[in-house]
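Q: Please find input.cif (mmCIF, C-alpha atoms) on the next line:
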data_upload
#
loop_
_atom_site.label_atom_id
_atom_site.label_comp_id
_atom_site.auth_asym_id
_atom_site.auth_seq_id
_atom_site.Cartn_x
_atom_site.Cartn_y
_atom_site.Cartn_z
CA MET A 1 -20.65 19.13 14.34
CA THR A 2 -19.79 22.71 15.22
CA GLU A 3 -18.41 25.28 12.77
CA LYS A 4 -16.20 26.51 15.62
CA ILE A 5 -13.58 23.88 14.76
CA VAL A 6 -12.86 25.36 11.29
CA LYS A 7 -10.74 28.43 12.10
CA PRO A 8 -8.54 26.90 14.84
CA LEU A 9 -8.03 23.78 12.70
CA LEU A 10 -6.91 25.79 9.65
CA LYS A 11 -4.65 28.02 11.78
CA TRP A 12 -3.02 24.93 13.30
CA TYR A 13 -2.55 23.38 9.86
CA ASP A 14 -0.94 26.53 8.46
CA GLU A 15 1.59 26.43 11.27
CA ASN A 16 2.18 22.67 11.53
CA ALA A 17 1.63 21.01 8.13
CA ARG A 18 4.42 18.64 7.16
CA ILE A 19 6.34 19.33 3.97
CA LEU A 20 5.44 16.47 1.64
CA PRO A 21 6.34 16.05 -2.05
CA TRP A 22 2.73 15.79 -3.25
CA ARG A 23 1.76 18.96 -1.36
CA GLU A 24 4.43 21.03 -3.07
CA GLU A 25 2.74 20.57 -6.46
CA PRO A 26 -0.84 19.36 -5.83
CA THR A 27 -1.88 18.57 -9.40
CA PRO A 28 -4.85 16.21 -9.76
CA TYR A 29 -2.58 13.37 -10.92
CA ARG A 30 -0.06 13.79 -8.09
CA VAL A 31 -2.83 14.03 -5.48
CA TRP A 32 -4.40 10.85 -6.88
CA VAL A 33 -1.15 8.87 -6.89
CA SER A 34 -0.26 9.96 -3.35
CA GLU A 35 -3.70 9.19 -1.92
CA ILE A 36 -3.76 5.68 -3.40
CA MET A 37 -0.25 5.02 -2.10
CA LEU A 38 -1.10 6.36 1.36
CA GLN A 39 -3.93 3.87 1.85
CA GLN A 40 -2.63 1.49 4.55
CA THR A 41 0.97 2.76 4.17
CA ARG A 42 2.86 5.26 6.37
CA VAL A 43 3.70 8.70 4.98
CA GLU A 44 7.47 8.33 5.45
CA ALA A 45 7.45 4.99 3.65
CA VAL A 46 5.47 6.41 0.73
CA LYS A 47 7.78 9.36 -0.09
CA PRO A 48 10.45 7.49 -2.12
CA PHE A 49 7.84 5.34 -3.86
CA PHE A 50 5.85 8.41 -4.86
CA GLU A 51 8.86 10.28 -6.21
CA ARG A 52 10.04 7.28 -8.22
CA PHE A 53 6.55 6.54 -9.57
CA VAL A 54 5.80 10.07 -10.84
CA LYS A 55 9.32 10.36 -12.28
CA ASN A 56 8.80 7.19 -14.33
CA LEU A 57 5.11 7.81 -15.07
CA PRO A 58 4.71 11.61 -14.99
CA ASP A 59 1.15 11.75 -16.30
CA ILE A 60 -2.02 9.77 -16.87
CA THR A 61 -1.17 8.84 -20.46
CA GLU A 62 2.13 7.28 -19.36
CA LEU A 63 0.29 5.35 -16.63
CA ALA A 64 -2.38 4.16 -19.05
CA GLU A 65 0.23 2.88 -21.53
CA CYS A 66 2.67 1.34 -19.04
CA GLU A 67 3.49 -2.36 -19.47
CA PRO A 68 1.77 -4.32 -16.65
CA GLU A 69 5.00 -5.95 -15.36
CA ARG A 70 6.82 -2.60 -15.31
CA LEU A 71 3.87 -1.09 -13.45
CA LEU A 72 3.98 -3.82 -10.80
CA LYS A 73 7.75 -3.36 -10.54
CA LEU A 74 7.29 0.37 -9.83
CA TRP A 75 4.75 -0.56 -7.13
CA GLU A 76 6.91 -3.36 -5.67
CA GLY A 77 7.13 -3.07 -1.89
CA LEU A 78 3.92 -1.09 -1.38
CA GLY A 79 1.68 -4.17 -1.38
CA TYR A 80 -2.05 -4.20 -2.20
CA TYR A 81 -1.24 -4.54 -5.89
CA ASN A 82 -4.86 -4.31 -7.00
CA ARG A 83 -4.66 -0.62 -6.13
CA VAL A 84 -2.19 0.12 -8.92
CA LYS A 85 -4.00 -2.20 -11.34
CA ASN A 86 -7.18 -0.20 -10.73
CA MET A 87 -5.21 3.00 -11.19
CA GLN A 88 -4.19 1.86 -14.65
CA LYS A 89 -7.79 0.89 -15.49
CA ALA A 90 -8.89 4.36 -14.38
CA ALA A 91 -6.07 6.00 -16.34
CA ILE A 92 -7.21 4.24 -19.52
CA VAL A 93 -10.76 5.56 -18.99
CA VAL A 94 -9.45 9.08 -18.30
CA LYS A 95 -7.25 8.98 -21.40
CA GLU A 96 -10.10 7.81 -23.62
CA GLN A 97 -12.99 9.81 -22.16
CA TYR A 98 -11.45 12.91 -20.57
CA GLY A 99 -8.44 13.69 -22.75
CA GLY A 100 -5.95 12.42 -20.18
CA LYS A 101 -7.08 14.80 -17.42
CA LEU A 102 -8.89 13.69 -14.27
CA PRO A 103 -12.43 15.17 -14.30
CA ASP A 104 -13.06 18.18 -12.06
CA ASP A 105 -16.30 16.66 -10.84
CA TYR A 106 -16.77 14.59 -7.67
CA GLU A 107 -19.35 12.16 -9.12
CA ARG A 108 -17.30 11.53 -12.26
CA LEU A 109 -14.22 10.89 -10.15
CA MET A 110 -16.25 8.42 -8.09
CA SER A 111 -17.21 6.53 -11.27
CA LEU A 112 -13.57 5.66 -12.05
CA PRO A 113 -12.15 2.23 -11.10
CA GLY A 114 -10.55 2.17 -7.65
CA ILE A 115 -11.72 5.65 -6.65
CA GLY A 116 -14.13 5.76 -3.72
CA SER A 117 -15.63 8.67 -1.81
CA TYR A 118 -12.44 9.43 0.13
CA THR A 119 -10.09 9.54 -2.87
CA ALA A 120 -12.63 11.44 -4.96
CA GLY A 121 -13.04 13.94 -2.12
CA ALA A 122 -9.28 14.37 -1.76
CA ILE A 123 -8.72 14.99 -5.49
CA ALA A 124 -11.76 17.26 -5.81
CA SER A 125 -10.95 19.39 -2.77
CA ILE A 126 -7.12 19.54 -2.87
CA ALA A 127 -6.57 19.75 -6.63
CA TYR A 128 -9.77 21.46 -7.78
CA GLY A 129 -10.93 23.44 -4.73
CA ILE A 130 -14.35 21.75 -4.66
CA ALA A 131 -16.00 21.85 -1.23
CA VAL A 132 -16.50 18.12 -0.59
CA PRO A 133 -15.18 16.16 2.43
CA ALA A 134 -12.50 13.45 2.29
CA VAL A 135 -13.07 11.01 5.14
CA ASP A 136 -10.35 8.44 5.89
CA GLY A 137 -9.46 6.58 9.07
CA ASN A 138 -7.62 9.57 10.54
CA VAL A 139 -10.60 11.85 9.95
CA LEU A 140 -13.03 9.29 11.41
CA ARG A 141 -10.90 9.07 14.56
CA VAL A 142 -10.78 12.85 15.01
CA ILE A 143 -14.50 13.38 14.42
CA THR A 144 -15.71 10.47 16.56
CA ARG A 145 -13.59 11.81 19.44
CA VAL A 146 -14.76 15.39 18.97
CA THR A 147 -18.41 14.24 18.96
CA ALA A 148 -17.97 11.23 21.31
CA ASP A 149 -19.73 9.10 18.69
CA SER A 150 -19.62 5.42 19.68
CA ASP A 151 -21.05 4.05 16.41
CA ASP A 152 -18.94 1.43 14.60
CA ILE A 153 -16.70 3.29 12.11
CA MET A 154 -16.46 0.17 9.94
CA LYS A 155 -20.07 0.72 8.86
CA GLN A 156 -20.59 2.67 5.64
CA SER A 157 -23.57 4.43 7.24
CA VAL A 158 -21.24 5.96 9.87
CA ARG A 159 -18.78 7.15 7.22
CA ARG A 160 -21.65 8.71 5.26
CA LYS A 161 -22.93 10.41 8.41
CA VAL A 162 -19.49 11.96 9.06
CA GLU A 163 -19.25 13.02 5.40
CA ASP A 164 -22.63 14.74 5.71
CA GLU A 165 -21.62 16.50 8.94
CA LEU A 166 -18.36 17.75 7.47
CA GLY A 167 -20.09 18.74 4.23
CA ARG A 168 -22.13 21.26 6.19
CA ILE A 169 -19.10 23.04 7.70
CA ILE A 170 -16.31 22.63 5.12
CA PRO A 171 -15.10 26.13 4.14
CA LYS A 172 -15.75 26.84 0.45
CA GLU A 173 -12.66 29.05 0.21
CA ARG A 174 -10.23 26.39 1.57
CA PRO A 175 -11.74 22.90 1.26
CA GLY A 176 -8.43 21.17 0.43
CA ALA A 177 -6.63 22.70 3.39
CA PHE A 178 -9.54 21.77 5.69
CA ASN A 179 -9.52 18.13 4.60
CA GLN A 180 -5.73 17.89 4.84
CA ALA A 181 -5.82 19.55 8.26
CA LEU A 182 -8.15 16.86 9.62
CA MET A 183 -5.98 14.11 8.10
CA GLU A 184 -2.83 15.71 9.48
CA LEU A 185 -4.33 16.13 12.94
CA GLY A 186 -5.30 12.45 12.99
CA ALA A 187 -1.87 11.36 11.78
CA THR A 188 0.26 13.46 14.14
CA VAL A 189 -1.81 14.50 17.19
CA CYS A 190 -5.09 12.58 17.51
CA VAL A 191 -3.09 9.42 16.88
CA PRO A 192 -4.09 5.74 16.74
CA ASN A 193 -2.60 3.00 18.92
CA GLY A 194 -1.66 5.30 21.77
CA MET A 195 -2.80 8.22 23.87
CA ALA A 196 -3.87 11.26 21.90
CA LYS A 197 -1.62 14.32 22.31
CA CYS A 198 -4.50 16.49 23.50
CA GLU A 199 -2.19 19.21 24.87
CA GLN A 200 -1.13 19.91 21.26
CA CYS A 201 -4.62 19.73 19.75
CA PRO A 202 -6.35 22.88 18.47
CA LEU A 203 -9.72 21.19 18.95
CA ALA A 204 -9.25 20.09 22.58
CA LYS A 205 -11.72 22.61 24.00
CA PHE A 206 -14.39 21.45 21.51
CA CYS A 207 -13.67 17.73 21.94
CA THR A 208 -16.34 15.87 23.92
CA ALA A 209 -14.16 12.80 24.42
CA HIS A 210 -11.35 14.95 25.86
CA ILE A 211 -13.70 16.92 28.09
CA GLN A 212 -15.08 13.64 29.45
CA GLY A 213 -11.60 12.06 29.74
CA ARG A 214 -12.66 9.27 27.35
CA GLU A 215 -10.30 9.78 24.41
CA MET A 216 -9.35 6.11 24.22
CA ASP A 217 -13.00 4.99 24.05
CA PHE A 218 -13.17 6.24 20.48
CA PRO A 219 -13.35 5.35 17.69
CA SER A 220 -15.50 2.28 18.13
CA LYS A 221 -14.57 -0.49 15.72
CA LYS A 222 -15.90 -4.00 15.37
CA LYS A 223 -13.16 -6.59 15.87
CA LYS A 224 -11.83 -8.02 12.60
CA LYS A 225 -12.02 -11.71 11.79
CA GLU A 226 -8.87 -13.63 12.63
CA ARG A 227 -6.58 -14.09 9.65
CA LYS A 228 -6.26 -17.48 7.99
CA ILE A 229 -2.83 -19.08 8.59
CA GLU A 230 -1.10 -20.69 5.60
CA GLU A 231 2.13 -22.65 6.00
CA LYS A 232 4.59 -22.52 3.12
CA THR A 233 8.02 -23.90 2.23
CA VAL A 234 9.95 -21.37 0.12
CA LEU A 235 12.65 -22.64 -2.25
CA VAL A 236 15.72 -20.66 -3.29
CA ILE A 237 16.69 -22.78 -6.29
CA ARG A 238 20.21 -22.06 -7.59
CA ASP A 239 21.55 -23.17 -10.97
CA GLY A 240 25.08 -21.78 -10.84
CA GLU A 241 24.59 -18.00 -10.72
CA ARG A 242 20.97 -18.17 -11.83
CA ALA A 243 17.92 -18.55 -9.61
CA ALA A 244 14.43 -19.86 -10.27
CA ILE A 245 11.40 -17.59 -10.08
CA ARG A 246 7.83 -18.37 -10.99
CA LYS A 247 4.96 -16.25 -12.28
CA ARG A 248 1.84 -16.31 -10.13
CA PRO A 249 -1.65 -16.82 -11.60
CA THR A 250 -3.38 -13.85 -13.22
CA LYS A 251 -6.12 -13.87 -10.56
CA GLY A 252 -6.08 -13.98 -6.79
CA LEU A 253 -3.51 -12.84 -4.23
CA LEU A 254 -0.46 -11.09 -5.79
CA ALA A 255 -1.86 -11.82 -9.24
CA GLY A 256 0.58 -11.60 -12.14
CA MET A 257 3.66 -11.06 -9.98
CA TYR A 258 6.75 -13.28 -9.74
CA GLU A 259 7.68 -15.29 -6.67
CA LEU A 260 10.27 -17.64 -5.31
CA PRO A 261 8.92 -21.16 -5.89
CA ASN A 262 7.09 -22.44 -2.83
CA LEU A 263 5.15 -25.47 -1.65
CA ALA A 264 2.21 -25.85 0.70
CA GLY A 265 3.03 -26.91 4.25
CA HIS A 266 6.29 -27.09 6.18
CA LEU A 267 8.29 -29.79 4.42
CA SER A 268 11.35 -31.76 5.53
CA GLU A 269 14.56 -31.87 3.46
CA ASP A 270 13.63 -35.29 2.09
CA GLU A 271 10.17 -34.08 1.10
CA VAL A 272 11.65 -31.03 -0.64
CA LEU A 273 14.14 -33.16 -2.57
CA ARG A 274 11.33 -35.45 -3.74
CA GLU A 275 9.32 -32.43 -4.90
CA MET A 276 12.37 -31.04 -6.72
CA LYS A 277 12.75 -34.27 -8.67
CA GLU A 278 9.05 -34.15 -9.55
CA MET A 279 9.76 -30.70 -11.06
CA ASN A 280 12.55 -32.26 -13.22
CA PHE A 281 15.40 -30.71 -11.22
CA SER A 282 18.51 -32.68 -10.21
CA PRO A 283 19.42 -31.49 -6.69
CA ILE A 284 23.10 -31.37 -5.72
CA ARG A 285 22.90 -29.88 -2.24
CA ILE A 286 20.26 -28.53 0.13
CA GLN A 287 20.52 -26.13 3.08
CA LYS A 288 17.76 -25.23 5.49
CA LEU A 289 17.02 -21.52 6.03
CA GLY A 290 15.25 -19.68 8.82
CA VAL A 291 11.57 -19.03 9.41
CA ALA A 292 9.68 -15.94 8.26
CA LYS A 293 6.18 -14.53 8.45
CA HIS A 294 4.28 -12.15 6.20
CA ILE A 295 0.90 -10.64 7.02
CA PHE A 296 -1.67 -9.77 4.37
CA SER A 297 -5.05 -8.26 5.19
CA HIS A 298 -6.88 -11.61 5.46
CA VAL A 299 -4.13 -14.22 5.55
CA GLU A 300 -0.74 -14.85 7.17
CA TRP A 301 2.03 -16.81 5.56
CA HIS A 302 4.17 -18.76 8.03
CA MET A 303 7.23 -19.79 6.04
CA ILE A 304 10.29 -21.97 6.26
CA GLY A 305 12.86 -22.09 3.48
CA TYR A 306 15.63 -24.04 1.78
CA VAL A 307 18.40 -23.18 -0.64
CA VAL A 308 18.67 -25.99 -3.18
CA TRP A 309 21.59 -26.12 -5.61
CA VAL A 310 20.72 -28.01 -8.78
CA GLU A 311 22.39 -29.19 -11.98
CA GLU A 312 21.70 -27.07 -15.06
CA SER A 313 18.26 -27.78 -16.46
CA GLU A 314 16.38 -26.56 -19.52
CA ASP A 315 13.23 -28.58 -18.83
CA MET A 316 11.50 -26.06 -16.54
CA PRO A 317 8.06 -26.43 -14.94
CA ASP A 318 5.25 -24.20 -16.25
CA GLN A 319 5.58 -20.48 -15.42
CA MET A 320 9.07 -20.99 -13.93
CA ILE A 321 12.21 -19.34 -15.35
CA LEU A 322 15.88 -19.11 -14.39
CA VAL A 323 17.27 -15.57 -14.17
CA GLU A 324 20.36 -13.76 -12.93
CA PRO A 325 19.52 -12.50 -9.41
CA GLU A 326 20.35 -8.86 -10.22
CA GLU A 327 17.93 -9.11 -13.15
CA THR A 328 15.07 -9.60 -10.72
CA GLU A 329 15.84 -6.24 -9.09
CA LYS A 330 15.49 -4.47 -12.43
CA THR A 331 12.81 -6.38 -14.29
CA TYR A 332 10.69 -8.86 -12.38
CA PRO A 333 8.20 -7.67 -9.73
CA ILE A 334 8.54 -9.87 -6.63
CA PRO A 335 6.36 -9.16 -3.59
CA ALA A 336 7.94 -8.16 -0.28
CA ALA A 337 6.50 -11.34 1.27
CA PHE A 338 9.67 -13.10 0.04
CA THR A 339 12.13 -10.53 1.43
CA ALA A 340 13.64 -12.87 4.04
CA TYR A 341 14.60 -15.43 1.38
CA ALA A 342 15.49 -13.05 -1.45
CA ARG A 343 18.47 -12.03 0.67
CA TYR A 344 20.04 -15.41 -0.03
CA LEU A 345 20.17 -14.33 -3.69
CA ASN A 346 21.83 -11.07 -2.64
CA ILE A 347 18.88 -9.03 -3.85
CA ARG A 348 16.60 -6.61 -2.05
CA LEU A 349 12.89 -6.12 -2.62
CA GLY A 350 10.67 -3.07 -2.42
CA GLN A 351 11.73 -0.33 -0.03
CA GLU A 352 14.85 -2.20 1.11
CA LYS A 353 16.14 -2.09 -2.47
CA TYR A 354 15.74 1.68 -2.75
CA GLU A 355 17.29 2.31 0.65
CA LYS A 356 20.29 0.23 -0.48
CA ASN A 357 20.60 2.21 -3.72
CA GLU A 358 20.47 5.52 -1.84
CA LYS A 359 23.33 4.43 0.44
CA GLU A 360 25.40 3.45 -2.58
#
Show me, as structure tokens, the structure contained in the file I just sent.
A:
Amino acid sequence: MTEKIVKPLLKWYDENARILPWREEPTPYRVWVSEIMLQQTRVEAVKPFFERFVKNLPDITELAECEPERLLKLWEGLGYYNRVKNMQKAAIVVKEQYGGKLPDDYERLMSLPGIGSYTAGAIASIAYGIAVPAVDGNVLRVITRVTADSDDIMKQSVRRKVEDELGRIIPKERPGAFNQALMELGATVCVPNGMAKCEQCPLAKFCTAHIQGREMDFPSKKKKKERKIEEKTVLVIRDGERAAIRKRPTKGLLAGMYELPNLAGHLSEDEVLREMKEMNFSPIRIQKLGVAKHIFSHVEWHMIGYVVWVEESEDMPDQMILVEPEETEKTYPIPAAFTAYARYLNIRLGQEKYEKNEKE
């Protein structure tokens, strides 16, 4: 890795950096929240979530003491809910061991739940000015193209190698700007899923892949396993104005969140009605809904749905409650996987909900 990339990269960043809410006030807490949110989520999608989160939980103590359901509600729509659960675990440690302030030490940051080398590097360099690299997918793409490195970027050894290379050239006077410049270049110029915009790149004349005309050969990544397909029948159960929701188990996918009741497989109307009676409901009318699909990292849900109107019932199955639909928007965290069917309750989940509120 050549030191020649440093000056043109920083000059480009100074002239082209996007204005983002977490950059305007890069405190350790704000940097941490933004970096966790930005994992596997687009920048534009994160902005409203970030602003709402730090408004409701402005510091580490507030995060540490937040009720779990309220915390999941604030995260609703971002997905990967273990990320925010680990944030709260880390916040509790920081509150108890570091007086509510994230440590200004890379190794201590790394020791906190949910903080790996990338997040620790981002906090240390951007918030504390410590000269350590922060290597995410964008940075890996830029560096493997600049060096024409065909090693599999999914291997930890390759990430460590890139961290070591960048550690030798990162400028001690501007480590945060250097790391953000590489991330920004990967996000806006040396882009994934399409041809790199090499004519706009400050590193083009140093980039081996560009010089060889092989930009799209990098990065090299081992093909992921195919996702498991799970078929589900989602039930919108209506009791007058109320609707049934159910709390998910405390472990596993979407742990501790609420969901629309659902059954394994794609069931017929008759099968659904039989299941409803098994749950002690008295169905009055049933209407079939459309199909929907939701993709998680390792599994896909292929869903069909039904609205089922039922007589009033107080004998509810375990973990199931009847609530006013608008109450779910305010109180109960429901994953975006159920967005297509939540619409039949006239509620919006996650980002859709906040976009609706902004229009109003």
Q: Quick one: axis-aligned box around all listed atoms of range 170-184 of chain A, 4 Å on every side, centre and edge lengths in Å to one decimal, written as JSON.
A:
{"center_x": -9.6, "center_y": 21.6, "center_z": 4.9, "size_x": 21.5, "size_y": 22.9, "size_z": 17.4}
Q: Which residue gives the smallest distance to Met183 in chain A among A:Met257, A:Leu9, A:Val139, A:Leu289, with all atoms listed in the file counted?
A: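 Distance minimum relative to Met183 in chain A lands on A:Val139.
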Q: Could you name the residues that touch Tyr13 in chain A at 8 Å or less, counting all atoms listed in the file, but leaving out those on the same chain fewer than 4 positions away, as a ChimeraX atom specification?
A: /A:9,17,177,181,184
Q: To verify the selection step, state as a VMD selection string which residues the PyMOL selection byres ((chain A and resi 66-69) around 9) yields on this input.
A: chain A and resid 57 61 to 65 70 to 74 85 88 256 to 257 331 to 333
Q: Looking at A:Glu327, A:Glu25, A:Asp239, A:Glu271, which one is nearest to Val308 in chain A, with distances taken over all atoms listed in the file?
A: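 Closest to Val308 in chain A of all the choices is A:Asp239.
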Q: Residues around (-3.7, 20.0, 8.4), cut-off 12 Å, counting only C-alpha atoms - what are they as number ranges by chain?
A: A: 6-20, 23, 126, 138-139, 174-190, 201-202
Q: So, with all atoms listed in the file as the atoms that count, which of A:Gln97, A:Ser220, A:Ser117, A:Asn86 lies closest to Val142 in chain A?
A: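 Using all atoms listed in the file, Val142 in chain A sits closest to A:Ser220.
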Q: Hey, what comes out of the PyMOL selection byres ((chain A and resi 3) around 10) on this file? Could you write it as a PDB file with C-alpha atoms, in the coordinates of the input?
A:
ATOM      1  CA  MET A   1     -20.650  19.130  14.340  1.00  0.00           C
ATOM      2  CA  THR A   2     -19.790  22.710  15.220  1.00  0.00           C
ATOM      3  CA  LYS A   4     -16.200  26.510  15.620  1.00  0.00           C
ATOM      4  CA  ILE A   5     -13.580  23.880  14.760  1.00  0.00           C
ATOM      5  CA  VAL A   6     -12.860  25.360  11.290  1.00  0.00           C
ATOM      6  CA  LYS A   7     -10.740  28.430  12.100  1.00  0.00           C
ATOM      7  CA  LEU A 166     -18.360  17.750   7.470  1.00  0.00           C
ATOM      8  CA  ARG A 168     -22.130  21.260   6.190  1.00  0.00           C
ATOM      9  CA  ILE A 169     -19.100  23.040   7.700  1.00  0.00           C
ATOM     10  CA  ILE A 170     -16.310  22.630   5.120  1.00  0.00           C
ATOM     11  CA  PRO A 171     -15.100  26.130   4.140  1.00  0.00           C
TER      12      PRO A 171
END
